[in-house]
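Novice: Next comes the structure file run36.cif, holding mmCIF, C-alpha atoms.
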data_protein
#
loop_
_atom_site.group_PDB
_atom_site.id
_atom_site.type_symbol
_atom_site.label_atom_id
_atom_site.label_comp_id
_atom_site.auth_asym_id
_atom_site.auth_seq_id
_atom_site.Cartn_x
_atom_site.Cartn_y
_atom_site.Cartn_z
ATOM 1 C CA MET A 1 -6.110 16.194 12.206
ATOM 2 C CA LEU A 2 -2.414 15.312 12.204
ATOM 3 C CA THR A 3 -0.437 16.502 9.173
ATOM 4 C CA LEU A 4 2.370 14.126 8.251
ATOM 5 C CA THR A 5 5.467 15.171 6.332
ATOM 6 C CA PRO A 6 7.763 12.419 5.002
ATOM 7 C CA GLY A 7 11.230 12.694 6.482
ATOM 8 C CA ARG A 8 9.943 14.658 9.466
ATOM 9 C CA LEU A 9 7.864 12.019 11.212
ATOM 10 C CA MET A 10 8.668 12.055 14.907
ATOM 11 C CA LEU A 11 8.734 9.068 17.242
ATOM 12 C CA ALA A 12 6.312 10.895 19.529
ATOM 13 C CA GLN A 13 3.826 11.110 16.651
ATOM 14 C CA LEU A 14 4.094 7.359 16.057
ATOM 15 C CA ARG A 15 3.612 6.654 19.747
ATOM 16 C CA GLY A 16 0.504 8.815 19.708
ATOM 17 C CA LEU A 17 -0.879 7.063 16.649
ATOM 18 C CA ALA A 18 -0.235 3.679 18.245
ATOM 19 C CA ALA A 19 -1.991 4.694 21.436
ATOM 20 C CA SER A 20 -5.166 5.928 19.772
ATOM 21 C CA HIS A 21 -6.619 6.735 16.384
ATOM 22 C CA THR A 22 -5.984 10.245 15.090
ATOM 23 C CA PRO A 23 -7.144 11.345 11.608
ATOM 24 C CA ILE A 24 -4.233 12.164 9.327
ATOM 25 C CA GLU A 25 -3.477 14.114 6.185
ATOM 26 C CA LEU A 26 -0.317 14.508 4.165
ATOM 27 C CA ALA A 27 1.543 17.769 3.817
ATOM 28 C CA ALA A 28 0.615 19.563 0.593
ATOM 29 C CA GLU A 29 4.140 19.288 -0.808
ATOM 30 C CA CYS A 30 3.826 15.496 -1.049
ATOM 31 C CA GLU A 31 1.494 15.462 -4.029
ATOM 32 C CA ALA A 32 3.788 16.840 -6.755
ATOM 33 C CA PRO A 33 6.676 14.358 -6.334
ATOM 34 C CA VAL A 34 4.262 11.411 -6.066
ATOM 35 C CA ARG A 35 2.542 12.441 -9.299
ATOM 36 C CA ALA A 36 5.899 13.019 -11.011
ATOM 37 C CA ALA A 37 7.133 9.535 -10.099
ATOM 38 C CA ALA A 38 3.900 7.954 -11.332
ATOM 39 C CA ALA A 39 4.286 9.867 -14.613
ATOM 40 C CA THR A 40 7.790 8.435 -14.979
ATOM 41 C CA VAL A 41 6.443 4.908 -14.631
ATOM 42 C CA GLN A 42 3.801 5.657 -17.259
ATOM 43 C CA THR A 43 6.493 7.005 -19.587
ATOM 44 C CA VAL A 44 8.326 3.668 -19.321
ATOM 45 C CA VAL A 45 5.127 1.765 -20.078
ATOM 46 C CA THR A 46 4.365 3.964 -23.077
ATOM 47 C CA ALA A 47 7.907 3.590 -24.415
ATOM 48 C CA GLY A 48 7.663 -0.189 -24.215
ATOM 49 C CA VAL A 49 11.166 -0.488 -22.778
ATOM 50 C CA PRO A 50 11.437 -3.465 -20.412
ATOM 51 C CA VAL A 51 12.089 -2.271 -16.845
ATOM 52 C CA TYR A 52 12.038 -4.637 -13.879
ATOM 53 C CA GLY A 53 8.883 -4.501 -11.817
ATOM 54 C CA ILE A 54 7.111 -2.203 -14.243
ATOM 55 C CA ASN A 55 6.572 -4.358 -17.305
ATOM 56 C CA THR A 56 8.568 -7.521 -16.620
ATOM 57 C CA GLY A 57 8.078 -10.608 -14.537
ATOM 58 C CA PHE A 58 9.771 -11.047 -11.172
ATOM 59 C CA GLY A 59 12.683 -13.164 -9.960
ATOM 60 C CA LYS A 60 13.621 -15.738 -12.598
ATOM 61 C CA LEU A 61 11.052 -14.162 -14.934
ATOM 62 C CA ALA A 62 12.700 -10.734 -14.749
ATOM 63 C CA HIS A 63 13.664 -10.965 -18.427
ATOM 64 C CA VAL A 64 10.128 -11.773 -19.583
ATOM 65 C CA GLN A 65 8.335 -8.662 -20.814
ATOM 66 C CA ILE A 66 4.653 -8.409 -19.936
ATOM 67 C CA ALA A 67 2.091 -7.004 -22.372
ATOM 68 C CA ASP A 68 0.562 -3.656 -21.438
ATOM 69 C CA ASP A 69 -2.920 -5.132 -21.143
ATOM 70 C CA GLN A 70 -1.656 -7.611 -18.521
ATOM 71 C CA LEU A 71 0.201 -5.181 -16.240
ATOM 72 C CA GLU A 72 -2.691 -4.746 -13.808
ATOM 73 C CA GLN A 73 -3.120 -8.513 -13.565
ATOM 74 C CA LEU A 74 0.630 -8.940 -12.990
ATOM 75 C CA GLN A 75 0.596 -6.572 -10.013
ATOM 76 C CA THR A 76 -2.640 -8.037 -8.647
ATOM 77 C CA ASN A 77 -1.260 -11.572 -8.880
ATOM 78 C CA LEU A 78 1.909 -10.474 -7.076
ATOM 79 C CA VAL A 79 -0.095 -9.152 -4.136
ATOM 80 C CA ARG A 80 -2.394 -12.161 -3.947
ATOM 81 C CA SER A 81 0.496 -14.624 -4.148
ATOM 82 C CA HIS A 82 2.269 -13.027 -1.180
ATOM 83 C CA ALA A 83 -0.810 -12.674 1.048
ATOM 84 C CA ALA A 84 -0.041 -16.015 2.667
ATOM 85 C CA GLY A 85 0.551 -15.145 6.313
ATOM 86 C CA VAL A 86 -0.535 -17.435 9.136
ATOM 87 C CA GLY A 87 -1.102 -17.315 12.873
ATOM 88 C CA ARG A 88 -2.744 -14.781 15.143
ATOM 89 C CA LEU A 89 -3.715 -11.416 13.708
ATOM 90 C CA LEU A 90 -1.717 -8.305 14.540
ATOM 91 C CA GLU A 91 -3.443 -5.880 16.874
ATOM 92 C CA ASP A 92 -5.197 -2.874 15.379
ATOM 93 C CA ALA A 93 -2.608 -0.501 16.887
ATOM 94 C CA THR A 94 0.184 -2.351 15.066
ATOM 95 C CA VAL A 95 -1.741 -2.399 11.791
ATOM 96 C CA ARG A 96 -2.419 1.323 12.203
ATOM 97 C CA LEU A 97 1.324 2.000 12.488
ATOM 98 C CA ILE A 98 2.112 -0.210 9.495
ATOM 99 C CA LEU A 99 -0.481 1.683 7.475
ATOM 100 C CA VAL A 100 0.836 5.103 8.506
ATOM 101 C CA LEU A 101 4.448 4.127 7.794
ATOM 102 C CA LYS A 102 3.480 2.795 4.362
ATOM 103 C CA ILE A 103 1.597 6.027 3.612
ATOM 104 C CA VAL A 104 4.572 8.176 4.614
ATOM 105 C CA SER A 105 6.975 5.964 2.672
ATOM 106 C CA LEU A 106 4.929 6.187 -0.537
ATOM 107 C CA ALA A 107 4.396 9.936 -0.045
ATOM 108 C CA ARG A 108 8.127 10.536 -0.466
ATOM 109 C CA GLY A 109 7.561 10.207 -4.213
ATOM 110 C CA TYR A 110 10.143 7.492 -4.885
ATOM 111 C CA SER A 111 7.852 4.552 -5.577
ATOM 112 C CA GLY A 112 5.954 5.434 -8.740
ATOM 113 C CA VAL A 113 2.481 4.840 -7.329
ATOM 114 C CA ARG A 114 -0.343 7.165 -8.242
ATOM 115 C CA TRP A 115 -1.483 9.851 -5.791
ATOM 116 C CA GLU A 116 -4.876 8.147 -5.684
ATOM 117 C CA VAL A 117 -3.293 5.044 -4.165
ATOM 118 C CA VAL A 118 -1.714 7.048 -1.347
ATOM 119 C CA GLN A 119 -4.996 8.851 -0.723
ATOM 120 C CA THR A 120 -6.869 5.533 -0.552
ATOM 121 C CA LEU A 121 -4.526 4.377 2.205
ATOM 122 C CA VAL A 122 -5.107 7.656 4.052
ATOM 123 C CA ALA A 123 -8.859 7.101 3.698
ATOM 124 C CA LEU A 124 -8.537 3.583 5.148
ATOM 125 C CA HIS A 125 -6.668 4.969 8.139
ATOM 126 C CA ASN A 126 -9.132 7.765 8.717
ATOM 127 C CA ALA A 127 -12.083 5.369 8.477
ATOM 128 C CA GLN A 128 -10.351 3.052 10.975
ATOM 129 C CA ILE A 129 -10.433 0.141 8.555
ATOM 130 C CA TYR A 130 -7.588 -2.137 9.584
ATOM 131 C CA ALA A 131 -6.441 -5.049 7.436
ATOM 132 C CA CYS A 132 -6.394 -8.469 9.065
ATOM 133 C CA ILE A 133 -2.657 -9.161 8.964
ATOM 134 C CA PRO A 134 -1.373 -12.512 10.264
ATOM 135 C CA ALA A 135 1.661 -12.239 12.527
ATOM 136 C CA GLN A 136 3.714 -14.938 10.781
ATOM 137 C CA GLY A 137 4.884 -15.231 7.216
ATOM 138 C CA SER A 138 7.197 -12.301 6.577
ATOM 139 C CA VAL A 139 10.084 -12.906 4.214
ATOM 140 C CA GLY A 140 11.896 -9.835 5.473
ATOM 141 C CA ALA A 141 14.098 -9.612 2.372
ATOM 142 C CA SER A 142 13.052 -6.255 0.968
ATOM 143 C CA GLY A 143 10.210 -5.218 3.172
ATOM 144 C CA ASP A 144 7.750 -7.363 5.055
ATOM 145 C CA LEU A 145 6.226 -8.876 1.952
ATOM 146 C CA ALA A 146 3.461 -11.036 3.452
ATOM 147 C CA PRO A 147 2.154 -8.477 5.974
ATOM 148 C CA LEU A 148 2.214 -5.709 3.373
ATOM 149 C CA ALA A 149 0.434 -7.982 0.891
ATOM 150 C CA HIS A 150 -2.421 -8.408 3.384
ATOM 151 C CA LEU A 151 -2.457 -4.629 3.903
ATOM 152 C CA THR A 152 -2.620 -4.081 0.144
ATOM 153 C CA LEU A 153 -5.403 -6.642 -0.285
ATOM 154 C CA ALA A 154 -7.579 -4.551 2.011
ATOM 155 C CA ALA A 155 -7.012 -1.467 -0.141
ATOM 156 C CA MET A 156 -8.013 -3.584 -3.151
ATOM 157 C CA GLY A 157 -11.255 -4.566 -1.424
ATOM 158 C CA GLU A 158 -10.097 -8.145 -0.902
ATOM 159 C CA GLY A 159 -9.432 -10.214 2.198
ATOM 160 C CA ASP A 160 -10.735 -9.307 5.627
ATOM 161 C CA VAL A 161 -10.481 -6.199 7.781
ATOM 162 C CA ARG A 162 -11.520 -5.141 11.273
ATOM 163 C CA VAL A 163 -13.734 -2.149 11.907
ATOM 164 C CA ASN A 164 -14.394 -1.286 15.547
ATOM 165 C CA GLY A 165 -13.050 -4.716 16.452
ATOM 166 C CA VAL A 166 -15.468 -6.530 14.133
ATOM 167 C CA ARG A 167 -14.020 -8.691 11.368
ATOM 168 C CA MET A 168 -15.667 -8.360 7.967
ATOM 169 C CA PRO A 169 -14.877 -8.614 4.254
ATOM 170 C CA ALA A 170 -12.809 -5.671 3.057
ATOM 171 C CA ALA A 171 -15.204 -5.078 0.162
ATOM 172 C CA ASP A 172 -18.075 -4.492 2.599
ATOM 173 C CA ALA A 173 -16.057 -2.185 4.843
ATOM 174 C CA LEU A 174 -14.842 -0.056 1.945
ATOM 175 C CA ALA A 175 -18.351 0.173 0.497
ATOM 176 C CA GLN A 176 -19.762 1.289 3.859
ATOM 177 C CA ALA A 177 -17.051 3.970 4.128
ATOM 178 C CA GLY A 178 -17.516 5.139 0.527
ATOM 179 C CA ILE A 179 -13.946 4.178 -0.413
ATOM 180 C CA THR A 180 -13.291 2.928 -3.946
ATOM 181 C CA PRO A 181 -10.962 -0.106 -3.962
ATOM 182 C CA ILE A 182 -7.706 0.496 -5.813
ATOM 183 C CA ARG A 183 -6.915 -1.220 -9.079
ATOM 184 C CA LEU A 184 -3.182 -1.618 -9.382
ATOM 185 C CA ALA A 185 -1.306 0.080 -12.207
ATOM 186 C CA ALA A 186 2.210 -0.772 -13.370
ATOM 187 C CA LYS A 187 4.683 -1.241 -10.483
ATOM 188 C CA GLU A 188 2.136 -0.470 -7.760
ATOM 189 C CA GLY A 189 1.874 -3.956 -6.306
ATOM 190 C CA LEU A 190 5.649 -4.146 -6.063
ATOM 191 C CA ALA A 191 5.830 -0.706 -4.455
ATOM 192 C CA LEU A 192 3.173 -1.525 -1.899
ATOM 193 C CA LEU A 193 4.927 -4.759 -0.899
ATOM 194 C CA ASN A 194 8.545 -3.599 -0.915
ATOM 195 C CA GLY A 195 9.893 -1.261 1.742
ATOM 196 C CA THR A 196 10.378 2.191 0.208
ATOM 197 C CA GLN A 197 10.202 1.054 -3.423
#
For this file, produce the structure as structure tokens.

Specialist:
Amino acid sequence: MLTLTPGRLMLAQLRGLAASHTPIELAAECEAPVRAAAATVQTVVTAGVPVYGINTGFGKLAHVQIADDQLEQLQTNLVRSHAAGVGRLLEDATVRLILVLKIVSLARGYSGVRWEVVQTLVALHNAQIYACIPAQGSVGASGDLAPLAHLTLAAMGEGDVRVNGVRMPAADALAQAGITPIRLAAKEGLALLNGTQ
């Protein structure tokens, strides 16, 4: 088991993870800041104050406030709309690195996602469930939006994944591994798609 600490990830560790699968866990000190950031997002939602990416639309709709009962759908729609990559699929080793880097990024506690989301991504890695991510389609503006959307779809139990080289629906793979698909809360789709958001 490899324990990962955000800010202290070494290139040698990444090379090792690329070369072969190694189960991972996050350092214990990661949990508190992640939970604190998620609580801050919930405070914004409860207050009803419009904050971009939490309870507003995106882009030209940034000034449109979204009702609380539609926040999950907003984040889900964001992920689905960006999962539009094309071309050959990235190799499992590349997807494994993307997954680990996303886990470590979210574990810094700056994004506002719930701890359960981070732990679901860890579970996907440890179960060797790799999202089918097309190689083309990245916007590259604030993170690789299309590839990360495909990664997030897998965690939601949507799209396709590879397990031991076999392609299958993500819902089936998660069910076989006993992993509950995530349901996105306020800001989580944005955080999962955007760099270190």

Novice: So how far away is CA of Gly178 in chain A from CA of Leu192 in chain A, in Å?

Specialist: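 These two atoms are separated by 21.9 Å.
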
Novice: What would the selection look like, as an mmCIF file with C-alpha atoms, keeping the file's coordinate frame, if the PyMOL selection byres ((chain A and resi 115) around 7) were run on the coordinates I just shared?

Specialist:
data_model
loop_
_atom_site.group_PDB
_atom_site.id
_atom_site.type_symbol
_atom_site.label_atom_id
_atom_site.label_comp_id
_atom_site.auth_asym_id
_atom_site.auth_seq_id
_atom_site.Cartn_x
_atom_site.Cartn_y
_atom_site.Cartn_z
ATOM 1 C CA GLU A 31 1.494 15.462 -4.029
ATOM 2 C CA VAL A 34 4.262 11.411 -6.066
ATOM 3 C CA ARG A 35 2.542 12.441 -9.299
ATOM 4 C CA VAL A 113 2.481 4.840 -7.329
ATOM 5 C CA ARG A 114 -0.343 7.165 -8.242
ATOM 6 C CA GLU A 116 -4.876 8.147 -5.684
ATOM 7 C CA VAL A 117 -3.293 5.044 -4.165
ATOM 8 C CA VAL A 118 -1.714 7.048 -1.347
ATOM 9 C CA GLN A 119 -4.996 8.851 -0.723
#

Novice: Could you jot down the CA of Ala83 in chain A to CA of Leu9 in chain A separation for me, Å, one decimal place?

Specialist: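 Between CA of Ala83 in chain A and CA of Leu9 in chain A the gap is 28.1 Å.
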
Novice: Quick one: which residues end up in the PyMOL selection byres ((chain A and resi 40) around 12) for this structure, as a count of residues only?

Specialist: 24

Novice: Can you pull out every residue within 9 Å of Leu121 in chain A, counting all atoms listed in the file, but drop anything in the same chain fewer than 2 positions away, and send it as a list in words?

Specialist: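 Surrounding residues, per the criterion: Leu99, Val100, Lys102, Ile103, Glu116, Val117, Val118, Gln119, Ala123, Leu124, His125, Asn126, Thr152 and Ala155 of chain A.
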
Novice: Out of A:Pro147, A:Gly157, A:Gly59, A:Gly189, which residue has the shortest atom-to-atom distance to Ala175 in chain A when counting only C-alpha atoms?

Specialist: A:Gly157

Novice: Looking at all atoms listed in the file, which of A:Leu153, A:Leu97, A:Arg15, A:Pro50 is the one that sits closest to Ala62 in chain A?

Specialist: A:Pro50

Novice: Let me make sure I understand: among A:Val64, A:Ile133, A:Leu71, A:Ala149, which one has the smallest atom-to-atom distance to Leu90 in chain A if we use all atoms listed in the file?

Specialist: A:Ile133

Novice: Between A:Gln65, A:Thr5, A:Asn164, A:Gln128, which is the closest to Ala27 in chain A once you count only C-alpha atoms?

Specialist: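 Smallest distance to Ala27 in chain A is found for A:Thr5.
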
Novice: In Å to one decimal, how far is CA of Ala191 in chain A from CA of Gly7 in chain A?

Specialist: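 Separation between CA of Gly7 in chain A and CA of Ala191 in chain A: 18.1 Å.
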
Novice: Go through the shown structure with the PyMOL selection byres ((chain A and resi 135-138) around 7) and write out the matching residues as an NGL selection string.

Specialist: :A and (84-90 or 133-134 or 139-140 or 144-147)

Novice: Could you give me, as a PDB file with C-alpha atoms, keeping the file's coordinate frame, the residues within 6 Å of Val161 in chain A, counting all atoms listed in the file and dropping anything in the same chain fewer than 2 positions from it?

Specialist:
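Result went into around_7.pdb, see below:
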ATOM      1  CA  TYR A 130      -7.588  -2.137   9.584  1.00  0.00           C
ATOM      2  CA  ALA A 131      -6.441  -5.049   7.436  1.00  0.00           C
ATOM      3  CA  CYS A 132      -6.394  -8.469   9.065  1.00  0.00           C
ATOM      4  CA  ARG A 167     -14.020  -8.691  11.368  1.00  0.00           C
ATOM      5  CA  MET A 168     -15.667  -8.360   7.967  1.00  0.00           C
ATOM      6  CA  ALA A 170     -12.809  -5.671   3.057  1.00  0.00           C
TER       7      ALA A 170
END

Novice: Taking all atoms listed in the file into account, which of A:Gln75, A:Asn194, A:Ser105, A:Ser20 comes nearest Ile182 in chain A?

Specialist: A:Gln75

Novice: Nearest to Val163 in chain A among A:Asp92, A:Glu188, A:Glu25, A:Glu72, with distances taken over all atoms listed in the file: which residue is it?

Specialist: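 Answer, going by the shortest atom-to-atom distance: A:Asp92.
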
Novice: I'd like the contact shell of Ala18 in chain A - 7 Å cut-off, all atoms listed in the file, skipping same-chain residues fewer than 6 positions apart - returned as a list of chain:residue names.

Specialist: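 In the requested form, the answer reads A:Ala93, A:Thr94, A:Arg96, A:Leu97.
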
Novice: Got a minute to add N, CA, C and O atoms to range 3-18 of chain A and dump it as a PDB file, in the coordinates of the input?

Specialist:
ATOM      1  N   THR A   3      -1.065  16.376  10.485  1.00  0.00           N
ATOM      2  CA  THR A   3      -0.437  16.502   9.173  1.00  0.00           C
ATOM      3  C   THR A   3       0.922  15.828   9.200  1.00  0.00           C
ATOM      4  O   THR A   3       1.771  16.161  10.033  1.00  0.00           O
ATOM      5  N   LEU A   4       1.125  14.879   8.300  1.00  0.00           N
ATOM      6  CA  LEU A   4       2.370  14.126   8.251  1.00  0.00           C
ATOM      7  C   LEU A   4       3.229  14.583   7.080  1.00  0.00           C
ATOM      8  O   LEU A   4       2.738  14.747   5.960  1.00  0.00           O
ATOM      9  N   THR A   5       4.502  14.776   7.353  1.00  0.00           N
ATOM     10  CA  THR A   5       5.467  15.171   6.332  1.00  0.00           C
ATOM     11  C   THR A   5       6.552  14.105   6.263  1.00  0.00           C
ATOM     12  O   THR A   5       7.245  13.860   7.253  1.00  0.00           O
ATOM     13  N   PRO A   6       6.710  13.433   5.124  1.00  0.00           N
ATOM     14  CA  PRO A   6       7.763  12.419   5.002  1.00  0.00           C
ATOM     15  C   PRO A   6       9.129  13.004   5.344  1.00  0.00           C
ATOM     16  O   PRO A   6       9.456  14.129   4.964  1.00  0.00           O
ATOM     17  N   GLY A   7       9.913  12.240   6.070  1.00  0.00           N
ATOM     18  CA  GLY A   7      11.230  12.694   6.482  1.00  0.00           C
ATOM     19  C   GLY A   7      11.229  13.505   7.761  1.00  0.00           C
ATOM     20  O   GLY A   7      12.282  13.792   8.322  1.00  0.00           O
ATOM     21  N   ARG A   8      10.036  13.872   8.232  1.00  0.00           N
ATOM     22  CA  ARG A   8       9.943  14.658   9.466  1.00  0.00           C
ATOM     23  C   ARG A   8       8.996  14.013  10.477  1.00  0.00           C
ATOM     24  O   ARG A   8       8.523  14.673  11.399  1.00  0.00           O
ATOM     25  N   LEU A   9       8.738  12.737  10.293  1.00  0.00           N
ATOM     26  CA  LEU A   9       7.864  12.019  11.212  1.00  0.00           C
ATOM     27  C   LEU A   9       8.614  11.770  12.511  1.00  0.00           C
ATOM     28  O   LEU A   9       9.730  11.240  12.508  1.00  0.00           O
ATOM     29  N   MET A  10       8.024  12.160  13.607  1.00  0.00           N
ATOM     30  CA  MET A  10       8.668  12.055  14.907  1.00  0.00           C
ATOM     31  C   MET A  10       8.190  10.804  15.647  1.00  0.00           C
ATOM     32  O   MET A  10       7.046  10.372  15.478  1.00  0.00           O
ATOM     33  N   LEU A  11       9.086  10.246  16.466  1.00  0.00           N
ATOM     34  CA  LEU A  11       8.734   9.068  17.242  1.00  0.00           C
ATOM     35  C   LEU A  11       7.529   9.341  18.138  1.00  0.00           C
ATOM     36  O   LEU A  11       6.666   8.476  18.322  1.00  0.00           O
ATOM     37  N   ALA A  12       7.451  10.543  18.677  1.00  0.00           N
ATOM     38  CA  ALA A  12       6.312  10.895  19.529  1.00  0.00           C
ATOM     39  C   ALA A  12       5.001  10.825  18.750  1.00  0.00           C
ATOM     40  O   ALA A  12       3.965  10.429  19.303  1.00  0.00           O
ATOM     41  N   GLN A  13       5.028  11.203  17.477  1.00  0.00           N
ATOM     42  CA  GLN A  13       3.826  11.110  16.651  1.00  0.00           C
ATOM     43  C   GLN A  13       3.415   9.646  16.466  1.00  0.00           C
ATOM     44  O   GLN A  13       2.231   9.309  16.545  1.00  0.00           O
ATOM     45  N   LEU A  14       4.395   8.779  16.229  1.00  0.00           N
ATOM     46  CA  LEU A  14       4.094   7.359  16.057  1.00  0.00           C
ATOM     47  C   LEU A  14       3.547   6.758  17.346  1.00  0.00           C
ATOM     48  O   LEU A  14       2.613   5.954  17.312  1.00  0.00           O
ATOM     49  N   ARG A  15       4.123   7.152  18.469  1.00  0.00           N
ATOM     50  CA  ARG A  15       3.612   6.654  19.747  1.00  0.00           C
ATOM     51  C   ARG A  15       2.154   7.082  19.943  1.00  0.00           C
ATOM     52  O   ARG A  15       1.317   6.307  20.406  1.00  0.00           O
ATOM     53  N   GLY A  16       1.866   8.318  19.584  1.00  0.00           N
ATOM     54  CA  GLY A  16       0.504   8.815  19.708  1.00  0.00           C
ATOM     55  C   GLY A  16      -0.460   8.072  18.808  1.00  0.00           C
ATOM     56  O   GLY A  16      -1.578   7.724  19.217  1.00  0.00           O
ATOM     57  N   LEU A  17      -0.028   7.791  17.583  1.00  0.00           N
ATOM     58  CA  LEU A  17      -0.879   7.063  16.649  1.00  0.00           C
ATOM     59  C   LEU A  17      -1.096   5.625  17.097  1.00  0.00           C
ATOM     60  O   LEU A  17      -2.162   5.043  16.867  1.00  0.00           O
ATOM     61  N   ALA A  18      -0.087   5.041  17.735  1.00  0.00           N
ATOM     62  CA  ALA A  18      -0.235   3.679  18.245  1.00  0.00           C
ATOM     63  C   ALA A  18      -1.205   3.642  19.415  1.00  0.00           C
ATOM     64  O   ALA A  18      -1.996   2.707  19.560  1.00  0.00           O
TER      65      ALA A  18
END
